[in-house]
>>> print(open('coords_16.txt').read())   # compact mmCIF, C-alpha atoms (C1' of nucleotides)
# COMPACT_ATOMS: atom_id res chain seq x y z
CA MET A 1 83.13 67.64 -52.83
CA PRO A 2 85.28 69.80 -50.54
CA LEU A 3 86.83 71.59 -53.53
CA THR A 4 83.49 73.03 -54.66
CA SER A 5 82.78 74.36 -51.16
CA THR A 6 86.20 76.05 -51.18
CA PHE A 7 85.31 77.68 -54.50
CA ALA A 8 81.85 78.60 -53.19
CA ALA A 9 83.50 80.26 -50.19
CA LEU A 10 85.71 82.34 -52.52
CA ALA A 11 82.85 83.21 -54.88
CA ASP A 12 81.80 86.26 -52.86
CA PRO A 13 83.82 89.53 -53.11
CA THR A 14 83.55 90.21 -49.37
CA ARG A 15 84.81 86.71 -48.53
CA LEU A 16 87.62 86.94 -51.10
CA ALA A 17 88.69 90.23 -49.46
CA ILE A 18 88.58 88.54 -46.05
CA VAL A 19 90.96 85.74 -46.99
CA THR A 20 93.25 88.20 -48.79
CA ARG A 21 93.22 90.35 -45.62
CA LEU A 22 93.86 87.33 -43.38
CA SER A 23 96.79 86.24 -45.54
CA ARG A 24 98.48 89.42 -44.23
CA GLY A 25 97.78 88.42 -40.62
CA GLU A 26 95.10 87.77 -38.00
CA ALA A 27 92.15 90.10 -37.46
CA THR A 28 89.09 90.41 -35.22
CA MET A 29 85.53 90.38 -36.56
CA GLY A 30 85.28 94.13 -36.13
CA GLU A 31 88.52 94.74 -38.01
CA LEU A 32 87.31 92.53 -40.83
CA ALA A 33 83.93 94.28 -41.02
CA ALA A 34 85.29 97.87 -40.88
CA PRO A 35 86.55 98.25 -44.50
CA HIS A 36 83.32 96.81 -45.93
CA ARG A 37 79.97 98.62 -45.65
CA ILE A 38 78.50 95.65 -43.86
CA THR A 39 76.98 94.89 -40.45
CA LEU A 40 78.48 92.51 -37.90
CA PRO A 41 75.77 89.87 -38.34
CA ALA A 42 76.66 89.74 -42.06
CA MET A 43 80.35 89.38 -41.20
CA THR A 44 79.54 86.61 -38.70
CA LYS A 45 77.81 84.76 -41.55
CA HIS A 46 80.67 85.28 -44.03
CA VAL A 47 83.32 84.09 -41.59
CA GLY A 48 81.03 81.17 -40.75
CA VAL A 49 81.03 80.12 -44.40
CA LEU A 50 84.84 80.30 -44.48
CA VAL A 51 85.10 78.29 -41.24
CA ASP A 52 82.70 75.64 -42.60
CA ALA A 53 84.86 75.43 -45.75
CA GLY A 54 87.88 74.82 -43.50
CA MET A 55 89.66 77.98 -44.62
CA VAL A 56 89.55 80.05 -41.42
CA LYS A 57 90.06 79.41 -37.70
CA ARG A 58 88.27 81.41 -34.98
CA ARG A 59 89.53 81.78 -31.41
CA LYS A 60 88.05 83.84 -28.63
CA VAL A 61 90.27 86.37 -26.85
CA GLY A 62 88.37 88.13 -24.10
CA ARG A 63 85.29 89.56 -25.77
CA THR A 64 86.86 89.70 -29.23
CA VAL A 65 87.08 86.88 -31.78
CA VAL A 66 90.39 86.58 -33.63
CA CYS A 67 90.32 85.00 -37.11
CA SER A 68 93.26 83.45 -38.92
CA LEU A 69 93.75 81.70 -42.23
CA ARG A 70 94.35 77.95 -42.62
CA PRO A 71 96.73 78.01 -45.64
CA GLU A 72 96.50 74.22 -46.12
CA SER A 73 92.95 74.74 -47.34
CA LEU A 74 94.28 76.32 -50.54
CA SER A 75 96.78 73.55 -51.34
CA GLU A 76 93.85 71.49 -52.63
CA VAL A 77 92.99 74.23 -55.11
CA GLN A 78 96.63 74.49 -56.10
CA ALA A 79 96.78 70.71 -56.65
CA TRP A 80 93.65 70.70 -58.85
CA LEU A 81 94.99 73.62 -60.86
CA GLY A 82 98.30 71.76 -61.19
CA ASP A 83 96.60 68.61 -62.52
CA LEU A 84 94.66 70.61 -65.08
CA THR A 85 97.57 72.65 -66.38
CA ALA A 86 99.78 69.57 -66.44
CA TYR A 87 97.34 68.04 -68.91
CA TRP A 88 97.23 70.86 -71.39
CA ASN A 89 100.95 71.52 -71.06
CA THR A 90 101.61 67.98 -72.30
CA THR A 91 99.08 68.64 -75.07
CA ILE A 92 100.99 71.78 -76.07
CA ASP A 93 104.27 69.84 -75.85
CA ARG A 94 102.92 67.17 -78.20
CA LEU A 95 101.65 69.87 -80.56
CA GLU A 96 105.06 71.52 -80.58
CA ASP A 97 106.68 68.14 -81.27
CA LEU A 98 104.38 67.61 -84.25
CA LEU A 99 105.13 71.07 -85.60
CA ALA A 100 108.88 70.52 -85.14
CA ASN A 101 108.99 67.00 -86.68
CA PRO A 102 105.92 66.61 -88.91
CA GLU A 103 107.30 63.38 -90.38
CA GLU A 104 106.55 61.38 -87.21
CA SER A 105 103.19 59.83 -86.21
CA MET B 1 85.52 91.32 -59.78
CA PRO B 2 86.27 88.74 -62.47
CA LEU B 3 88.04 86.47 -59.98
CA THR B 4 84.89 85.98 -57.91
CA SER B 5 82.88 85.05 -61.00
CA THR B 6 85.55 82.48 -61.87
CA PHE B 7 85.23 81.00 -58.37
CA ALA B 8 81.43 81.16 -58.61
CA ALA B 9 81.63 79.23 -61.89
CA LEU B 10 83.73 76.52 -60.20
CA ALA B 11 81.53 76.39 -57.08
CA ASP B 12 79.14 73.84 -58.63
CA PRO B 13 80.16 70.14 -58.83
CA THR B 14 78.67 69.71 -62.31
CA ARG B 15 80.57 72.74 -63.61
CA LEU B 16 83.80 71.63 -61.92
CA ALA B 17 83.40 68.27 -63.67
CA ILE B 18 82.80 70.05 -66.99
CA VAL B 19 86.04 72.04 -66.86
CA THR B 20 87.95 68.95 -65.69
CA ARG B 21 86.44 67.05 -68.62
CA LEU B 22 87.25 69.87 -71.07
CA SER B 23 90.85 70.00 -69.87
CA ARG B 24 91.12 66.54 -71.48
CA GLY B 25 89.78 67.85 -74.79
CA GLU B 26 86.76 69.33 -76.57
CA ALA B 27 83.24 67.95 -76.17
CA THR B 28 79.72 68.61 -77.44
CA MET B 29 76.84 69.59 -75.16
CA GLY B 30 75.43 66.07 -75.37
CA GLU B 31 78.77 64.50 -74.46
CA LEU B 32 79.07 66.84 -71.48
CA ALA B 33 75.54 66.07 -70.29
CA ALA B 34 75.74 62.28 -70.68
CA PRO B 35 77.79 61.38 -67.54
CA HIS B 36 75.63 63.61 -65.31
CA ARG B 37 71.99 62.84 -64.53
CA ILE B 38 70.99 66.17 -65.96
CA THR B 39 68.82 67.45 -68.81
CA LEU B 40 70.14 69.42 -71.79
CA PRO B 41 68.52 72.72 -70.70
CA ALA B 42 70.40 72.44 -67.40
CA MET B 43 73.65 71.78 -69.27
CA THR B 44 73.00 74.78 -71.54
CA LYS B 45 72.72 76.91 -68.39
CA HIS B 46 75.89 75.50 -66.80
CA VAL B 47 77.97 76.01 -69.94
CA GLY B 48 76.45 79.49 -70.22
CA VAL B 49 77.77 80.33 -66.75
CA LEU B 50 81.24 79.08 -67.74
CA VAL B 51 81.14 81.09 -70.99
CA ASP B 52 80.06 84.24 -69.11
CA ALA B 53 82.97 83.68 -66.71
CA GLY B 54 85.28 83.53 -69.74
CA MET B 55 86.35 79.96 -69.05
CA VAL B 56 84.78 78.14 -72.01
CA LYS B 57 84.38 78.79 -75.73
CA ARG B 58 81.43 77.48 -77.77
CA ARG B 59 81.48 76.96 -81.53
CA LYS B 60 78.75 75.51 -83.72
CA VAL B 61 79.64 72.56 -85.95
CA GLY B 62 76.64 71.53 -87.99
CA ARG B 63 73.88 70.93 -85.49
CA THR B 64 76.22 70.20 -82.59
CA VAL B 65 77.91 72.72 -80.31
CA VAL B 66 81.54 72.00 -79.48
CA CYS B 67 82.89 73.38 -76.18
CA SER B 68 86.53 73.96 -75.33
CA LEU B 69 88.42 75.35 -72.36
CA ARG B 70 90.12 78.76 -72.29
CA PRO B 71 93.12 77.91 -70.07
CA GLU B 72 94.11 81.60 -69.70
CA SER B 73 91.04 82.02 -67.49
CA LEU B 74 92.72 80.00 -64.77
CA SER B 75 96.00 81.91 -64.79
CA GLU B 76 94.27 84.66 -62.82
CA VAL B 77 93.40 82.16 -60.11
CA GLN B 78 96.95 80.85 -60.16
CA ALA B 79 98.31 84.41 -59.83
CA TRP B 80 96.05 85.21 -56.85
CA LEU B 81 97.03 81.94 -55.19
CA GLY B 82 100.67 82.77 -55.88
CA ASP B 83 100.41 86.21 -54.25
CA LEU B 84 98.77 84.74 -51.18
CA THR B 85 101.23 81.89 -50.65
CA ALA B 86 104.16 84.22 -51.39
CA TYR B 87 103.07 86.28 -48.39
CA TRP B 88 102.91 83.51 -45.86
CA ASN B 89 105.99 81.80 -47.26
CA THR B 90 108.02 84.93 -46.47
CA THR B 91 106.37 84.92 -43.04
CA ILE B 92 107.49 81.33 -42.51
CA ASP B 93 110.95 82.22 -43.83
CA ARG B 94 111.24 85.08 -41.34
CA LEU B 95 110.04 82.79 -38.57
CA GLU B 96 112.67 80.21 -39.48
CA ASP B 97 115.32 82.91 -39.53
CA LEU B 98 114.32 84.00 -36.04
CA LEU B 99 114.41 80.42 -34.77
CA ALA B 100 117.82 79.86 -36.39
CA ASN B 101 119.44 83.12 -35.19
CA PRO B 102 117.49 84.35 -32.17
CA GLU B 103 120.17 86.97 -31.42
CA GLU B 104 119.07 89.15 -34.37
CA SER B 105 116.17 91.67 -34.43
C1' DC C 1 76.45 96.78 -9.96
C1' DA C 2 75.30 99.36 -14.31
C1' DA C 3 76.69 100.45 -18.74
C1' DT C 4 79.21 99.43 -22.68
C1' DC C 5 81.49 96.71 -26.05
C1' DA C 6 82.13 92.78 -29.22
C1' DC C 7 80.11 89.91 -30.94
C1' DT C 8 76.13 85.95 -32.02
C1' DT C 9 71.50 84.31 -32.80
C1' DC C 10 66.99 85.05 -34.60
C1' DA C 11 63.36 86.08 -37.76
C1' DC C 12 62.73 87.85 -41.85
C1' DC C 13 63.24 89.61 -46.88
C1' DA C 14 64.57 90.02 -51.86
C1' DA C 15 67.43 88.16 -55.30
C1' DT C 16 69.84 84.40 -57.29
C1' DT C 17 70.53 79.54 -58.44
C1' DG C 18 69.87 74.85 -60.12
C1' DG C 19 66.57 72.23 -61.67
C1' DT C 20 62.43 70.85 -64.62
C1' DG C 21 59.07 70.03 -68.83
C1' DA C 22 57.22 72.08 -73.01
C1' DA C 23 57.89 74.49 -77.07
C1' DG C 24 60.98 76.58 -80.63
C1' DT C 25 65.02 76.58 -84.08
C1' DA C 26 68.38 74.88 -87.08
C1' DT C 27 70.60 70.98 -89.25
C1' DC C 28 70.95 66.41 -91.07
C1' DT C 29 68.85 61.95 -92.97
C1' DG C 30 65.72 58.96 -95.69
C1' DC D 1 59.53 67.23 -97.95
C1' DA D 2 58.85 64.50 -93.38
C1' DG D 3 60.99 63.00 -89.59
C1' DA D 4 64.68 62.92 -86.28
C1' DT D 5 68.60 65.06 -83.90
C1' DA D 6 70.99 68.57 -81.16
C1' DC D 7 70.45 71.82 -79.05
C1' DT D 8 68.20 76.68 -77.00
C1' DT D 9 64.62 79.46 -75.04
C1' DC D 10 60.77 79.94 -72.02
C1' DA D 11 58.01 79.78 -67.93
C1' DC D 12 58.08 78.08 -63.76
C1' DC D 13 59.45 76.08 -59.00
C1' DA D 14 61.97 75.08 -54.61
C1' DA D 15 66.09 75.93 -52.17
C1' DT D 16 69.93 78.78 -51.09
C1' DT D 17 72.26 83.22 -50.39
C1' DG D 18 73.45 87.85 -48.77
C1' DG D 19 71.60 91.21 -46.48
C1' DT D 20 68.95 93.56 -42.55
C1' DG D 21 67.26 95.13 -37.60
C1' DA D 22 66.17 93.51 -33.01
C1' DA D 23 67.23 90.92 -29.18
C1' DG D 24 70.53 87.96 -26.50
C1' DT D 25 75.23 86.65 -24.30
C1' DG D 26 79.40 87.27 -22.09
C1' DA D 27 83.62 90.10 -21.02
C1' DT D 28 85.28 94.72 -19.60
C1' DT D 29 85.08 99.32 -17.66
C1' DG D 30 83.65 103.07 -14.53
>>> encode(input="coords_16.txt", output="structure tokens")
Amino acid sequence: MPLTSTFAALADPTRLAIVTRLSRGEATMGELAAPHRITLPAMTKHVGVLVDAGMVKRRKVGRTVVCSLRPESLSEVQAWLGDLTAYWNTTIDRLEDLLANPEES
Amino acid sequence: MPLTSTFAALADPTRLAIVTRLSRGEATMGELAAPHRITLPAMTKHVGVLVDAGMVKRRKVGRTVVCSLRPESLSEVQAWLGDLTAYWNTTIDRLEDLLANPEES
DNA sequence: CAATCACTTCACCAATTGGTGAAGTATCTG
DNA sequence: CAGATACTTCACCAATTGGTGAAGTGATTG
């Protein structure tokens, strides 16, 4: 299930901060690591998880690695959330109908 | 961070199926366990994770335990997703503006 | 060419996670 | 009251995860 791996990728505070940061624009590994008290190997792993989940792209520029977000990866989450809320919104609608016209059904 | 624990709760396929199932209506532990090749102790753990993440409510009815979804728990996710997409939508808007009127800026 | 910089890969560790079977606790049924 | 039912708690296990320091790779700088 690709959706669960997306959620797994977002389940870590460092990784959540990374995608929030990348939503503001590209950044190198070093720039991503700086604000967190974390070593580069750890950051390499975190970004690796995000790449494997299809949420981040890496491209090499000289000796630096520039990371950017793949926004499409979140549309799946949005769609799932939409399906779910759609369901209970109709439930609430039906409930409101019943409260408004208790004579029916 | 409560958002990361929400994502962590959704990062497991069984748990994702549980909340999808509960979005359709309440269910007992046994009903939740049935479709998955999983024992009741495992299901107790999974539902426990969802309860700790504030996504599910449990109430005892006789000797059964009825679980229901707390939809508010997902509004946080929706808000975060909204913030993120808002950012890159304005970026795309600005890009389109520049393409449309290259004389400006 | 030597040193430095920006990473990545490797080997390892401690903590967490998802699973189990066995035993315990209420609640209902005959 | 004696099962049976619907869980929960417990002790345990194997696999995964997030972290580290040390060593390796390739681009840049003096």
>>> interface_residues(input="coords_16.txt", of="chain A", to="chain B", cutoff="12 Å", atoms="only C-alpha atoms", output="ChimeraX atom specification")
/A:1-17,19-26,53,68-92
>>> atom_distance(input="coords_16.txt", atom1="atom CA of A:His46", atom2="atom C1' of C:DT9")
14.5 Å
>>> interface_residues(input="coords_16.txt", of="chain A", to="chain C", cutoff="9 Å", atoms="only C-alpha atoms (C1' of nucleotides)", output="compact mmCIF listing (two decimals) with C-alpha atoms, in the frame of the given file")
# COMPACT_ATOMS: atom_id res chain seq x y z
CA MET A 29 85.53 90.38 -36.56
CA GLY A 30 85.28 94.13 -36.13
CA LEU A 40 78.48 92.51 -37.90
CA PRO A 41 75.77 89.87 -38.34
CA THR A 44 79.54 86.61 -38.70
CA ARG A 63 85.29 89.56 -25.77
CA THR A 64 86.86 89.70 -29.23
CA VAL A 65 87.08 86.88 -31.78
>>> atom_distance(input="coords_16.txt", atom1="atom CA of B:Thr39", atom2="atom C1' of D:DA4")
18.5 Å
>>> atom_distance(input="coords_16.txt", atom1="atom CA of A:Cys67", atom2="atom CA of A:Gly48")
10.7 Å
>>> closest_atom_pairs(input="coords_16.txt", of="chain D", to="chain B", cutoff="8 Å", atoms="only C-alpha atoms (C1' of nucleotides)", output="CSV")
residue,atom,partner,partner_atom,distance
D:DA6,C1',B:Thr64,CA,5.7
D:DC7,C1',B:Thr64,CA,7.0
D:DT8,C1',B:Pro41,CA,7.4
>>> closest_residue(input="coords_16.txt", among="A:Ala34, A:Ile18, A:Ala42, A:Ala27", to="D:DT20", atoms="all atoms listed in the file")
A:Ala42
>>> decode(input="coords_16.txt", residues="stretch 39-54 of chain A", atoms="N, CA and C atoms", output="PDB file, in the first residue's frame")
ATOM      1  N   THR A  39      23.204  14.290  12.647  1.00  0.00           N
ATOM      2  CA  THR A  39      24.377  14.171  11.774  1.00  0.00           C
ATOM      3  C   THR A  39      23.946  14.003  10.324  1.00  0.00           C
ATOM      4  N   LEU A  40      24.875  14.161   9.401  1.00  0.00           N
ATOM      5  CA  LEU A  40      24.562  13.997   7.991  1.00  0.00           C
ATOM      6  C   LEU A  40      24.134  12.568   7.635  1.00  0.00           C
ATOM      7  N   PRO A  41      24.805  11.552   8.173  1.00  0.00           N
ATOM      8  CA  PRO A  41      24.341  10.192   7.865  1.00  0.00           C
ATOM      9  C   PRO A  41      22.862  10.007   8.211  1.00  0.00           C
ATOM     10  N   ALA A  42      22.436  10.544   9.367  1.00  0.00           N
ATOM     11  CA  ALA A  42      21.029  10.439   9.757  1.00  0.00           C
ATOM     12  C   ALA A  42      20.141  11.140   8.730  1.00  0.00           C
ATOM     13  N   MET A  43      20.570  12.331   8.291  1.00  0.00           N
ATOM     14  CA  MET A  43      19.778  13.068   7.304  1.00  0.00           C
ATOM     15  C   MET A  43      19.711  12.310   5.982  1.00  0.00           C
ATOM     16  N   THR A  44      20.837  11.704   5.578  1.00  0.00           N
ATOM     17  CA  THR A  44      20.847  10.890   4.359  1.00  0.00           C
ATOM     18  C   THR A  44      19.780   9.805   4.461  1.00  0.00           C
ATOM     19  N   LYS A  45      19.682   9.170   5.620  1.00  0.00           N
ATOM     20  CA  LYS A  45      18.673   8.126   5.817  1.00  0.00           C
ATOM     21  C   LYS A  45      17.257   8.693   5.709  1.00  0.00           C
ATOM     22  N   HIS A  46      16.994   9.793   6.420  1.00  0.00           N
ATOM     23  CA  HIS A  46      15.656  10.390   6.428  1.00  0.00           C
ATOM     24  C   HIS A  46      15.214  10.762   5.013  1.00  0.00           C
ATOM     25  N   VAL A  47      16.093  11.449   4.292  1.00  0.00           N
ATOM     26  CA  VAL A  47      15.750  11.846   2.924  1.00  0.00           C
ATOM     27  C   VAL A  47      15.559  10.594   2.064  1.00  0.00           C
ATOM     28  N   GLY A  48      16.353   9.562   2.329  1.00  0.00           N
ATOM     29  CA  GLY A  48      16.186   8.295   1.616  1.00  0.00           C
ATOM     30  C   GLY A  48      14.793   7.725   1.787  1.00  0.00           C
ATOM     31  N   VAL A  49      14.287   7.774   3.019  1.00  0.00           N
ATOM     32  CA  VAL A  49      12.933   7.288   3.300  1.00  0.00           C
ATOM     33  C   VAL A  49      11.907   8.093   2.491  1.00  0.00           C
ATOM     34  N   LEU A  50      12.077   9.400   2.461  1.00  0.00           N
ATOM     35  CA  LEU A  50      11.149  10.270   1.729  1.00  0.00           C
ATOM     36  C   LEU A  50      11.227  10.023   0.224  1.00  0.00           C
ATOM     37  N   VAL A  51      12.444   9.764  -0.278  1.00  0.00           N
ATOM     38  CA  VAL A  51      12.614   9.455  -1.705  1.00  0.00           C
ATOM     39  C   VAL A  51      11.928   8.129  -2.035  1.00  0.00           C
ATOM     40  N   ASP A  52      12.155   7.114  -1.174  1.00  0.00           N
ATOM     41  CA  ASP A  52      11.539   5.798  -1.387  1.00  0.00           C
ATOM     42  C   ASP A  52      10.010   5.897  -1.374  1.00  0.00           C
ATOM     43  N   ALA A  53       9.479   6.822  -0.561  1.00  0.00           N
ATOM     44  CA  ALA A  53       8.027   7.012  -0.486  1.00  0.00           C
ATOM     45  C   ALA A  53       7.526   7.876  -1.643  1.00  0.00           C
ATOM     46  N   GLY A  54       8.444   8.312  -2.506  1.00  0.00           N
ATOM     47  CA  GLY A  54       8.050   9.099  -3.676  1.00  0.00           C
ATOM     48  C   GLY A  54       7.698  10.543  -3.369  1.00  0.00           C
TER      49      GLY A  54
END
